[in-house]
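Shown next: model23.txt, given as compact mmCIF, N, CA, C and O atoms.
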# COMPACT_ATOMS: atom_id res chain seq x y z
N MET R 1 0.71 5.24 -6.44
CA MET R 1 0.15 4.18 -7.24
C MET R 1 0.32 2.87 -6.47
O MET R 1 1.41 2.56 -6.00
N ILE R 2 -0.76 2.13 -6.32
CA ILE R 2 -0.72 0.82 -5.69
C ILE R 2 -0.80 -0.21 -6.80
O ILE R 2 -1.70 -0.16 -7.65
N THR R 3 0.15 -1.15 -6.83
CA THR R 3 0.16 -2.19 -7.85
C THR R 3 0.06 -3.55 -7.17
O THR R 3 0.86 -3.87 -6.31
N LEU R 4 -0.97 -4.32 -7.57
CA LEU R 4 -1.17 -5.66 -7.01
C LEU R 4 -0.46 -6.70 -7.87
O LEU R 4 -0.21 -6.47 -9.06
N SER R 5 -0.19 -7.84 -7.27
CA SER R 5 0.50 -8.92 -7.97
C SER R 5 -0.32 -9.48 -9.14
O SER R 5 0.24 -10.12 -10.02
N ASN R 6 -1.63 -9.21 -9.17
CA ASN R 6 -2.45 -9.64 -10.31
C ASN R 6 -2.56 -8.54 -11.38
O ASN R 6 -3.43 -8.59 -12.22
N HIS R 7 -1.71 -7.54 -11.30
CA HIS R 7 -1.55 -6.45 -12.27
C HIS R 7 -2.63 -5.38 -12.19
O HIS R 7 -2.67 -4.50 -13.04
N GLN R 8 -3.49 -5.39 -11.18
CA GLN R 8 -4.42 -4.28 -10.97
C GLN R 8 -3.63 -3.11 -10.40
O GLN R 8 -2.68 -3.31 -9.64
N GLN R 9 -4.05 -1.89 -10.75
CA GLN R 9 -3.40 -0.70 -10.23
C GLN R 9 -4.45 0.30 -9.77
O GLN R 9 -5.51 0.41 -10.37
N VAL R 10 -4.11 1.01 -8.70
CA VAL R 10 -4.99 2.05 -8.16
C VAL R 10 -4.12 3.27 -7.89
O VAL R 10 -3.13 3.18 -7.17
N GLY R 11 -4.50 4.41 -8.44
CA GLY R 11 -3.80 5.66 -8.16
C GLY R 11 -4.45 6.37 -7.00
O GLY R 11 -5.67 6.50 -6.94
N LEU R 12 -3.66 6.80 -6.04
CA LEU R 12 -4.17 7.51 -4.86
C LEU R 12 -3.34 8.76 -4.60
O LEU R 12 -2.14 8.78 -4.86
N GLU R 13 -4.01 9.77 -4.06
CA GLU R 13 -3.32 10.96 -3.57
C GLU R 13 -3.74 11.15 -2.13
O GLU R 13 -4.69 10.51 -1.67
N GLY R 14 -3.08 12.01 -1.40
CA GLY R 14 -3.34 12.20 0.01
C GLY R 14 -4.81 12.32 0.36
O GLY R 14 -5.55 13.05 -0.29
N GLY R 15 -5.25 11.57 1.36
CA GLY R 15 -6.61 11.64 1.84
C GLY R 15 -7.62 10.83 1.05
O GLY R 15 -8.79 10.78 1.42
N GLN R 16 -7.22 10.18 -0.03
CA GLN R 16 -8.15 9.39 -0.83
C GLN R 16 -8.23 7.96 -0.32
O GLN R 16 -7.34 7.47 0.36
N ALA R 17 -9.32 7.29 -0.70
CA ALA R 17 -9.52 5.88 -0.36
C ALA R 17 -9.86 5.13 -1.64
O ALA R 17 -10.33 5.72 -2.61
N ALA R 18 -9.61 3.84 -1.64
CA ALA R 18 -9.93 3.01 -2.80
C ALA R 18 -10.36 1.64 -2.33
O ALA R 18 -10.03 1.20 -1.23
N CYS R 19 -11.10 0.96 -3.18
CA CYS R 19 -11.55 -0.40 -2.89
C CYS R 19 -11.17 -1.26 -4.09
O CYS R 19 -11.40 -0.88 -5.24
N VAL R 20 -10.55 -2.41 -3.82
CA VAL R 20 -10.15 -3.34 -4.87
C VAL R 20 -10.82 -4.68 -4.56
O VAL R 20 -10.71 -5.18 -3.44
N TYR R 21 -11.50 -5.23 -5.54
CA TYR R 21 -12.16 -6.52 -5.35
C TYR R 21 -11.26 -7.63 -5.87
O TYR R 21 -10.76 -7.57 -6.98
N LEU R 22 -11.06 -8.64 -5.02
CA LEU R 22 -10.19 -9.77 -5.36
C LEU R 22 -10.91 -11.08 -5.10
O LEU R 22 -11.70 -11.18 -4.17
N ARG R 23 -10.61 -12.07 -5.89
CA ARG R 23 -11.11 -13.42 -5.62
C ARG R 23 -10.31 -13.98 -4.45
O ARG R 23 -9.21 -13.51 -4.17
N PRO R 24 -10.84 -14.98 -3.76
CA PRO R 24 -10.06 -15.60 -2.69
C PRO R 24 -8.70 -16.06 -3.21
O PRO R 24 -8.59 -16.50 -4.36
N GLY R 25 -7.68 -15.93 -2.40
CA GLY R 25 -6.34 -16.36 -2.79
C GLY R 25 -5.27 -15.53 -2.13
O GLY R 25 -5.53 -14.74 -1.22
N ARG R 26 -4.05 -15.72 -2.61
CA ARG R 26 -2.88 -15.00 -2.07
C ARG R 26 -2.41 -13.98 -3.10
O ARG R 26 -2.24 -14.31 -4.27
N TYR R 27 -2.18 -12.77 -2.63
CA TYR R 27 -1.74 -11.67 -3.46
C TYR R 27 -0.67 -10.89 -2.70
O TYR R 27 -0.40 -11.14 -1.54
N SER R 28 -0.14 -9.91 -3.36
CA SER R 28 0.72 -8.93 -2.70
C SER R 28 0.51 -7.60 -3.42
O SER R 28 -0.03 -7.56 -4.52
N PHE R 29 0.93 -6.53 -2.76
CA PHE R 29 0.89 -5.22 -3.42
C PHE R 29 2.10 -4.41 -3.02
O PHE R 29 2.74 -4.66 -1.99
N ARG R 30 2.42 -3.45 -3.87
CA ARG R 30 3.53 -2.52 -3.62
C ARG R 30 3.02 -1.10 -3.80
O ARG R 30 2.10 -0.86 -4.57
N ILE R 31 3.66 -0.18 -3.10
CA ILE R 31 3.32 1.23 -3.20
C ILE R 31 4.43 1.90 -4.02
O ILE R 31 5.61 1.82 -3.66
N LYS R 32 4.06 2.53 -5.12
CA LYS R 32 5.02 3.23 -5.97
C LYS R 32 4.79 4.73 -5.76
O LYS R 32 3.66 5.20 -5.80
N PHE R 33 5.87 5.49 -5.52
CA PHE R 33 5.70 6.90 -5.20
C PHE R 33 6.90 7.72 -5.66
O PHE R 33 7.99 7.19 -5.83
N GLN R 34 6.65 9.01 -5.85
CA GLN R 34 7.73 9.93 -6.17
C GLN R 34 8.50 10.20 -4.89
O GLN R 34 7.91 10.51 -3.86
N ASN R 35 9.80 10.06 -4.93
CA ASN R 35 10.62 10.24 -3.75
C ASN R 35 10.87 11.72 -3.52
O ASN R 35 11.73 12.32 -4.15
N SER R 36 10.12 12.32 -2.61
CA SER R 36 10.21 13.77 -2.38
C SER R 36 11.53 14.19 -1.76
O SER R 36 11.92 15.34 -1.85
N GLN R 37 12.24 13.26 -1.13
CA GLN R 37 13.54 13.60 -0.56
C GLN R 37 14.57 13.85 -1.68
O GLN R 37 15.61 14.42 -1.43
N ARG R 38 14.27 13.39 -2.86
CA ARG R 38 15.17 13.62 -3.99
C ARG R 38 14.52 14.56 -4.99
O ARG R 38 14.65 14.41 -6.20
N LEU R 39 13.74 15.49 -4.48
CA LEU R 39 13.08 16.53 -5.27
C LEU R 39 12.15 15.96 -6.34
O LEU R 39 12.02 16.50 -7.42
N MET R 40 11.49 14.84 -6.02
CA MET R 40 10.47 14.25 -6.88
C MET R 40 11.01 13.76 -8.22
O MET R 40 10.28 13.53 -9.14
N ARG R 41 12.30 13.60 -8.36
CA ARG R 41 12.89 13.18 -9.64
C ARG R 41 12.96 11.67 -9.79
O ARG R 41 13.14 11.19 -10.89
N THR R 42 12.87 10.95 -8.70
CA THR R 42 12.98 9.50 -8.78
C THR R 42 11.73 8.84 -8.22
O THR R 42 11.06 9.38 -7.36
N THR R 43 11.45 7.68 -8.74
CA THR R 43 10.32 6.90 -8.27
C THR R 43 10.86 5.78 -7.39
O THR R 43 11.83 5.13 -7.74
N SER R 44 10.22 5.58 -6.26
CA SER R 44 10.60 4.50 -5.35
C SER R 44 9.44 3.51 -5.24
O SER R 44 8.30 3.85 -5.51
N VAL R 45 9.75 2.29 -4.84
CA VAL R 45 8.76 1.25 -4.68
C VAL R 45 8.95 0.60 -3.31
O VAL R 45 10.08 0.27 -2.93
N SER R 46 7.87 0.43 -2.60
CA SER R 46 7.93 -0.19 -1.28
C SER R 46 8.20 -1.68 -1.38
O SER R 46 8.16 -2.27 -2.47
N ARG R 47 8.39 -2.29 -0.25
CA ARG R 47 8.47 -3.75 -0.19
C ARG R 47 7.10 -4.30 -0.56
O ARG R 47 6.11 -3.57 -0.55
N ALA R 48 7.01 -5.58 -0.82
CA ALA R 48 5.73 -6.23 -1.12
C ALA R 48 4.98 -6.52 0.17
O ALA R 48 5.56 -7.04 1.12
N TYR R 49 3.71 -6.17 0.21
CA TYR R 49 2.84 -6.45 1.36
C TYR R 49 1.94 -7.61 0.98
O TYR R 49 1.21 -7.54 -0.01
N PRO R 50 1.95 -8.72 1.74
CA PRO R 50 1.14 -9.89 1.40
C PRO R 50 -0.33 -9.70 1.77
O PRO R 50 -0.65 -9.03 2.75
N VAL R 51 -1.21 -10.29 0.96
CA VAL R 51 -2.64 -10.29 1.21
C VAL R 51 -3.14 -11.71 0.96
O VAL R 51 -2.93 -12.25 -0.11
N ALA R 52 -3.79 -12.32 1.94
CA ALA R 52 -4.37 -13.65 1.79
C ALA R 52 -5.84 -13.56 2.17
O ALA R 52 -6.16 -13.13 3.28
N LEU R 53 -6.72 -13.92 1.24
CA LEU R 53 -8.15 -13.79 1.47
C LEU R 53 -8.87 -15.12 1.24
O LEU R 53 -8.57 -15.83 0.28
N ARG R 54 -9.83 -15.41 2.12
CA ARG R 54 -10.74 -16.54 1.94
C ARG R 54 -12.04 -15.99 1.35
O ARG R 54 -12.26 -14.78 1.35
N ALA R 55 -12.91 -16.86 0.90
CA ALA R 55 -14.21 -16.45 0.35
C ALA R 55 -14.96 -15.61 1.38
O ALA R 55 -15.05 -15.97 2.55
N GLY R 56 -15.47 -14.47 0.97
CA GLY R 56 -16.24 -13.60 1.85
C GLY R 56 -15.43 -12.74 2.80
O GLY R 56 -15.99 -12.01 3.61
N GLN R 57 -14.14 -12.79 2.71
CA GLN R 57 -13.28 -12.05 3.63
C GLN R 57 -12.90 -10.70 3.04
O GLN R 57 -12.73 -10.56 1.83
N GLN R 58 -12.74 -9.71 3.91
CA GLN R 58 -12.31 -8.37 3.52
C GLN R 58 -11.06 -8.00 4.33
O GLN R 58 -10.97 -8.35 5.50
N ALA R 59 -10.14 -7.31 3.69
CA ALA R 59 -8.94 -6.82 4.38
C ALA R 59 -8.86 -5.31 4.18
O ALA R 59 -9.07 -4.82 3.07
N LEU R 60 -8.55 -4.59 5.23
CA LEU R 60 -8.43 -3.14 5.19
C LEU R 60 -6.98 -2.76 5.51
O LEU R 60 -6.46 -3.15 6.56
N TYR R 61 -6.36 -2.03 4.60
CA TYR R 61 -4.99 -1.55 4.80
C TYR R 61 -4.99 -0.04 4.86
O TYR R 61 -5.72 0.62 4.12
N THR R 62 -4.18 0.50 5.74
CA THR R 62 -3.97 1.94 5.81
C THR R 62 -2.58 2.21 5.25
O THR R 62 -1.61 1.56 5.65
N ILE R 63 -2.50 3.17 4.35
CA ILE R 63 -1.22 3.56 3.76
C ILE R 63 -0.85 4.91 4.37
O ILE R 63 -1.67 5.82 4.42
N TYR R 64 0.38 5.00 4.85
CA TYR R 64 0.78 6.20 5.59
C TYR R 64 2.22 6.57 5.25
O TYR R 64 3.01 5.75 4.83
N PRO R 65 2.57 7.85 5.44
CA PRO R 65 3.93 8.31 5.14
C PRO R 65 4.93 7.85 6.20
O PRO R 65 4.57 7.67 7.36
N THR R 66 6.17 7.65 5.79
CA THR R 66 7.22 7.33 6.74
C THR R 66 7.68 8.62 7.42
O THR R 66 7.86 9.64 6.76
N ILE R 67 7.85 8.53 8.73
CA ILE R 67 8.19 9.72 9.52
C ILE R 67 9.31 9.37 10.49
O ILE R 67 9.30 8.30 11.10
N LYS R 68 10.26 10.27 10.61
CA LYS R 68 11.33 10.13 11.59
C LYS R 68 11.53 11.50 12.24
O LYS R 68 11.63 12.50 11.54
N ASN R 69 11.58 11.52 13.55
CA ASN R 69 11.71 12.77 14.29
C ASN R 69 10.65 13.79 13.87
O ASN R 69 10.94 14.96 13.63
N ARG R 70 9.42 13.28 13.69
CA ARG R 70 8.26 14.10 13.33
C ARG R 70 8.36 14.76 11.96
O ARG R 70 7.68 15.73 11.68
N ARG R 71 9.21 14.22 11.09
CA ARG R 71 9.36 14.78 9.73
C ARG R 71 9.15 13.67 8.70
O ARG R 71 9.62 12.55 8.88
N PHE R 72 8.50 14.00 7.61
CA PHE R 72 8.29 13.07 6.51
C PHE R 72 9.63 12.69 5.90
O PHE R 72 10.45 13.55 5.60
N THR R 73 9.89 11.40 5.73
CA THR R 73 11.18 10.95 5.21
C THR R 73 11.15 10.59 3.73
O THR R 73 12.14 10.13 3.19
N GLY R 74 10.01 10.80 3.08
CA GLY R 74 9.95 10.59 1.64
C GLY R 74 9.38 9.26 1.19
O GLY R 74 9.33 8.98 0.01
N GLY R 75 8.95 8.41 2.10
CA GLY R 75 8.45 7.11 1.72
C GLY R 75 7.03 6.86 2.19
O GLY R 75 6.42 7.70 2.84
N TRP R 76 6.51 5.69 1.84
CA TRP R 76 5.16 5.30 2.23
C TRP R 76 5.16 3.84 2.66
O TRP R 76 5.92 3.04 2.13
N ARG R 77 4.31 3.51 3.61
CA ARG R 77 4.17 2.15 4.11
C ARG R 77 2.70 1.79 4.20
O ARG R 77 1.84 2.66 4.14
N ALA R 78 2.43 0.50 4.38
CA ALA R 78 1.06 0.02 4.56
C ALA R 78 0.99 -0.83 5.81
O ALA R 78 1.97 -1.46 6.21
N GLN R 79 -0.19 -0.83 6.43
CA GLN R 79 -0.40 -1.65 7.61
C GLN R 79 -1.80 -2.24 7.53
O GLN R 79 -2.77 -1.53 7.22
N LEU R 80 -1.91 -3.53 7.81
CA LEU R 80 -3.21 -4.18 7.89
C LEU R 80 -3.92 -3.64 9.13
O LEU R 80 -3.42 -3.79 10.24
N THR R 81 -5.06 -2.98 8.95
CA THR R 81 -5.77 -2.38 10.07
C THR R 81 -7.11 -3.06 10.35
O THR R 81 -7.80 -2.68 11.28
N GLY R 82 -7.48 -4.03 9.53
CA GLY R 82 -8.72 -4.76 9.79
C GLY R 82 -8.90 -5.91 8.81
O GLY R 82 -8.50 -5.82 7.66
N LYS R 83 -9.47 -6.99 9.31
CA LYS R 83 -9.79 -8.15 8.47
C LYS R 83 -11.12 -8.67 8.96
O LYS R 83 -11.28 -8.96 10.14
N HIS R 84 -12.09 -8.79 8.06
CA HIS R 84 -13.45 -9.15 8.44
C HIS R 84 -13.96 -10.26 7.53
O HIS R 84 -13.51 -10.42 6.41
N GLY R 85 -14.95 -10.98 8.02
CA GLY R 85 -15.59 -12.01 7.19
C GLY R 85 -15.24 -13.40 7.65
O GLY R 85 -14.94 -13.65 8.80
N SER R 86 -15.26 -14.34 6.71
CA SER R 86 -15.02 -15.76 7.00
C SER R 86 -13.72 -15.98 7.75
O SER R 86 -12.72 -15.35 7.45
N HIS R 87 -13.74 -16.88 8.69
CA HIS R 87 -12.52 -17.19 9.48
C HIS R 87 -12.03 -18.56 9.13
O HIS R 87 -12.51 -19.53 9.11
Before we go any further, please render this structure as C-alpha cells.
Amino acid sequence: MITLSNHQQVGLEGGQAACVYLRPGRYSFRIKFQNSQRLMRTTSVSRAYPVALRAGQQALYTIYPTIKNRRFTGGWRAQLTGKHGSH
C-alpha cells in the first residue's frame, strides 16, 4: 500500500503499476507492507519519500524489494527513476 501525505492511497502487488494525479506542490509518500521476515504478522512502513512537482511535471518512481546477499530482506524501497515536464 502506498500512502501519500495528502491521504491518497494506492494498493499494489508484485508487477503492478499505478498512476496518481497530484496538483503542483510538495508531497511525500510511504510504502506500507507485510514484513515477510516476521512471517507476515507485522506491518512495516518505509521512510517518507519526498515528491515536489511544478505545473505540468511528472515524476516516475520505481518501488523495489530490499535485497542483501541476493536474498529478499523483507522490505521495500522507492527510487525516483524519471522526472519530465516543466523545468
*Enter the distance from CA of Gln9 (chain R) to CA of Pro65 (chain R), in Å, rounded to one decimal.*
19.3 Å
*What is the distance between CA of Thr81 (chain R) and CA of Phe29 (chain R), in Å to one decimal?*
15.3 Å
*asked:* Restricting the calculation to only C-alpha atoms: of R:Gly11, R:Thr3, R:Gln58, R:Ser46, which residue gets closest to Gly25 (chain R)?
replied: R:Gln58
*Once DSSP has gone over the backbone, tell me which residues of chain R are in strand (DSSP E), as a count of residues only.*
48
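The gap separating CA of Ile67 (chain R) from CA of His84 (chain R) is 28.7 Å, in Å to one decimal.
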Incomplete region 43-54 of chain R filled out to all heavy atoms as a PDB file, keeping the file's coordinate frame:
ATOM      1  N   THR R  43      11.450   7.680  -8.740  1.00  0.00           N
ATOM      2  CA  THR R  43      10.320   6.900  -8.270  1.00  0.00           C
ATOM      3  C   THR R  43      10.860   5.780  -7.390  1.00  0.00           C
ATOM      4  O   THR R  43      11.830   5.130  -7.740  1.00  0.00           O
ATOM      5  CB  THR R  43       9.548   6.310  -9.460  1.00  0.00           C
ATOM      6  OG1 THR R  43       9.103   7.398 -10.274  1.00  0.00           O
ATOM      7  CG2 THR R  43       8.357   5.520  -9.001  1.00  0.00           C
ATOM      8  N   SER R  44      10.220   5.580  -6.260  1.00  0.00           N
ATOM      9  CA  SER R  44      10.600   4.500  -5.350  1.00  0.00           C
ATOM     10  C   SER R  44       9.440   3.510  -5.240  1.00  0.00           C
ATOM     11  O   SER R  44       8.300   3.850  -5.510  1.00  0.00           O
ATOM     12  CB  SER R  44      10.914   5.063  -3.972  1.00  0.00           C
ATOM     13  OG  SER R  44      12.027   5.920  -4.030  1.00  0.00           O
ATOM     14  N   VAL R  45       9.750   2.290  -4.840  1.00  0.00           N
ATOM     15  CA  VAL R  45       8.760   1.250  -4.680  1.00  0.00           C
ATOM     16  C   VAL R  45       8.950   0.600  -3.310  1.00  0.00           C
ATOM     17  O   VAL R  45      10.080   0.270  -2.930  1.00  0.00           O
ATOM     18  CB  VAL R  45       8.878   0.189  -5.802  1.00  0.00           C
ATOM     19  CG1 VAL R  45       7.839  -0.904  -5.619  1.00  0.00           C
ATOM     20  CG2 VAL R  45       8.742   0.831  -7.174  1.00  0.00           C
ATOM     21  N   SER R  46       7.870   0.430  -2.600  1.00  0.00           N
ATOM     22  CA  SER R  46       7.930  -0.190  -1.280  1.00  0.00           C
ATOM     23  C   SER R  46       8.200  -1.680  -1.380  1.00  0.00           C
ATOM     24  O   SER R  46       8.160  -2.270  -2.470  1.00  0.00           O
ATOM     25  CB  SER R  46       6.589   0.019  -0.555  1.00  0.00           C
ATOM     26  OG  SER R  46       5.589  -0.816  -1.134  1.00  0.00           O
ATOM     27  N   ARG R  47       8.390  -2.290  -0.250  1.00  0.00           N
ATOM     28  CA  ARG R  47       8.470  -3.750  -0.190  1.00  0.00           C
ATOM     29  C   ARG R  47       7.100  -4.300  -0.560  1.00  0.00           C
ATOM     30  O   ARG R  47       6.110  -3.570  -0.550  1.00  0.00           O
ATOM     31  CB  ARG R  47       8.882  -4.204   1.196  1.00  0.00           C
ATOM     32  CG  ARG R  47       7.823  -3.977   2.264  1.00  0.00           C
ATOM     33  CD  ARG R  47       8.238  -4.614   3.586  1.00  0.00           C
ATOM     34  NE  ARG R  47       7.288  -4.448   4.637  1.00  0.00           N
ATOM     35  CZ  ARG R  47       6.242  -5.246   4.853  1.00  0.00           C
ATOM     36  NH1 ARG R  47       6.005  -6.267   4.061  1.00  0.00           N
ATOM     37  NH2 ARG R  47       5.421  -5.032   5.867  1.00  0.00           N
ATOM     38  N   ALA R  48       7.010  -5.580  -0.820  1.00  0.00           N
ATOM     39  CA  ALA R  48       5.730  -6.230  -1.120  1.00  0.00           C
ATOM     40  C   ALA R  48       4.980  -6.520   0.170  1.00  0.00           C
ATOM     41  O   ALA R  48       5.560  -7.040   1.120  1.00  0.00           O
ATOM     42  CB  ALA R  48       5.960  -7.513  -1.910  1.00  0.00           C
ATOM     43  N   TYR R  49       3.710  -6.170   0.210  1.00  0.00           N
ATOM     44  CA  TYR R  49       2.840  -6.450   1.360  1.00  0.00           C
ATOM     45  C   TYR R  49       1.940  -7.610   0.980  1.00  0.00           C
ATOM     46  O   TYR R  49       1.210  -7.540  -0.010  1.00  0.00           O
ATOM     47  CB  TYR R  49       1.998  -5.225   1.712  1.00  0.00           C
ATOM     48  CG  TYR R  49       2.821  -4.096   2.273  1.00  0.00           C
ATOM     49  CD1 TYR R  49       3.340  -3.109   1.444  1.00  0.00           C
ATOM     50  CD2 TYR R  49       3.096  -4.029   3.629  1.00  0.00           C
ATOM     51  CE1 TYR R  49       4.104  -2.075   1.953  1.00  0.00           C
ATOM     52  CE2 TYR R  49       3.857  -2.991   4.148  1.00  0.00           C
ATOM     53  CZ  TYR R  49       4.357  -2.024   3.308  1.00  0.00           C
ATOM     54  OH  TYR R  49       5.116  -1.006   3.815  1.00  0.00           O
ATOM     55  N   PRO R  50       1.950  -8.720   1.740  1.00  0.00           N
ATOM     56  CA  PRO R  50       1.140  -9.890   1.400  1.00  0.00           C
ATOM     57  C   PRO R  50      -0.330  -9.700   1.770  1.00  0.00           C
ATOM     58  O   PRO R  50      -0.650  -9.030   2.750  1.00  0.00           O
ATOM     59  CB  PRO R  50       1.761 -11.006   2.234  1.00  0.00           C
ATOM     60  CG  PRO R  50       2.345 -10.306   3.417  1.00  0.00           C
ATOM     61  CD  PRO R  50       2.799  -8.952   2.917  1.00  0.00           C
ATOM     62  N   VAL R  51      -1.210 -10.290   0.960  1.00  0.00           N
ATOM     63  CA  VAL R  51      -2.640 -10.290   1.210  1.00  0.00           C
ATOM     64  C   VAL R  51      -3.140 -11.710   0.960  1.00  0.00           C
ATOM     65  O   VAL R  51      -2.930 -12.250  -0.110  1.00  0.00           O
ATOM     66  CB  VAL R  51      -3.388  -9.326   0.266  1.00  0.00           C
ATOM     67  CG1 VAL R  51      -4.880  -9.347   0.550  1.00  0.00           C
ATOM     68  CG2 VAL R  51      -2.835  -7.917   0.362  1.00  0.00           C
ATOM     69  N   ALA R  52      -3.790 -12.320   1.940  1.00  0.00           N
ATOM     70  CA  ALA R  52      -4.370 -13.650   1.790  1.00  0.00           C
ATOM     71  C   ALA R  52      -5.840 -13.560   2.170  1.00  0.00           C
ATOM     72  O   ALA R  52      -6.160 -13.130   3.280  1.00  0.00           O
ATOM     73  CB  ALA R  52      -3.657 -14.660   2.661  1.00  0.00           C
ATOM     74  N   LEU R  53      -6.720 -13.920   1.240  1.00  0.00           N
ATOM     75  CA  LEU R  53      -8.150 -13.790   1.470  1.00  0.00           C
ATOM     76  C   LEU R  53      -8.870 -15.120   1.240  1.00  0.00           C
ATOM     77  O   LEU R  53      -8.570 -15.830   0.280  1.00  0.00           O
ATOM     78  CB  LEU R  53      -8.752 -12.751   0.518  1.00  0.00           C
ATOM     79  CG  LEU R  53      -8.246 -11.325   0.678  1.00  0.00           C
ATOM     80  CD1 LEU R  53      -8.754 -10.466  -0.468  1.00  0.00           C
ATOM     81  CD2 LEU R  53      -8.681 -10.761   2.012  1.00  0.00           C
ATOM     82  N   ARG R  54      -9.830 -15.410   2.120  1.00  0.00           N
ATOM     83  CA  ARG R  54     -10.740 -16.540   1.940  1.00  0.00           C
ATOM     84  C   ARG R  54     -12.040 -15.990   1.350  1.00  0.00           C
ATOM     85  O   ARG R  54     -12.260 -14.780   1.350  1.00  0.00           O
ATOM     86  CB  ARG R  54     -11.031 -17.197   3.278  1.00  0.00           C
ATOM     87  CG  ARG R  54      -9.814 -17.841   3.887  1.00  0.00           C
ATOM     88  CD  ARG R  54     -10.215 -18.568   5.159  1.00  0.00           C
ATOM     89  NE  ARG R  54      -9.030 -19.042   5.834  1.00  0.00           N
ATOM     90  CZ  ARG R  54      -8.801 -18.905   7.115  1.00  0.00           C
ATOM     91  NH1 ARG R  54      -9.677 -18.295   7.891  1.00  0.00           N
ATOM     92  NH2 ARG R  54      -7.709 -19.375   7.658  1.00  0.00           N
TER      93      ARG R  54
END
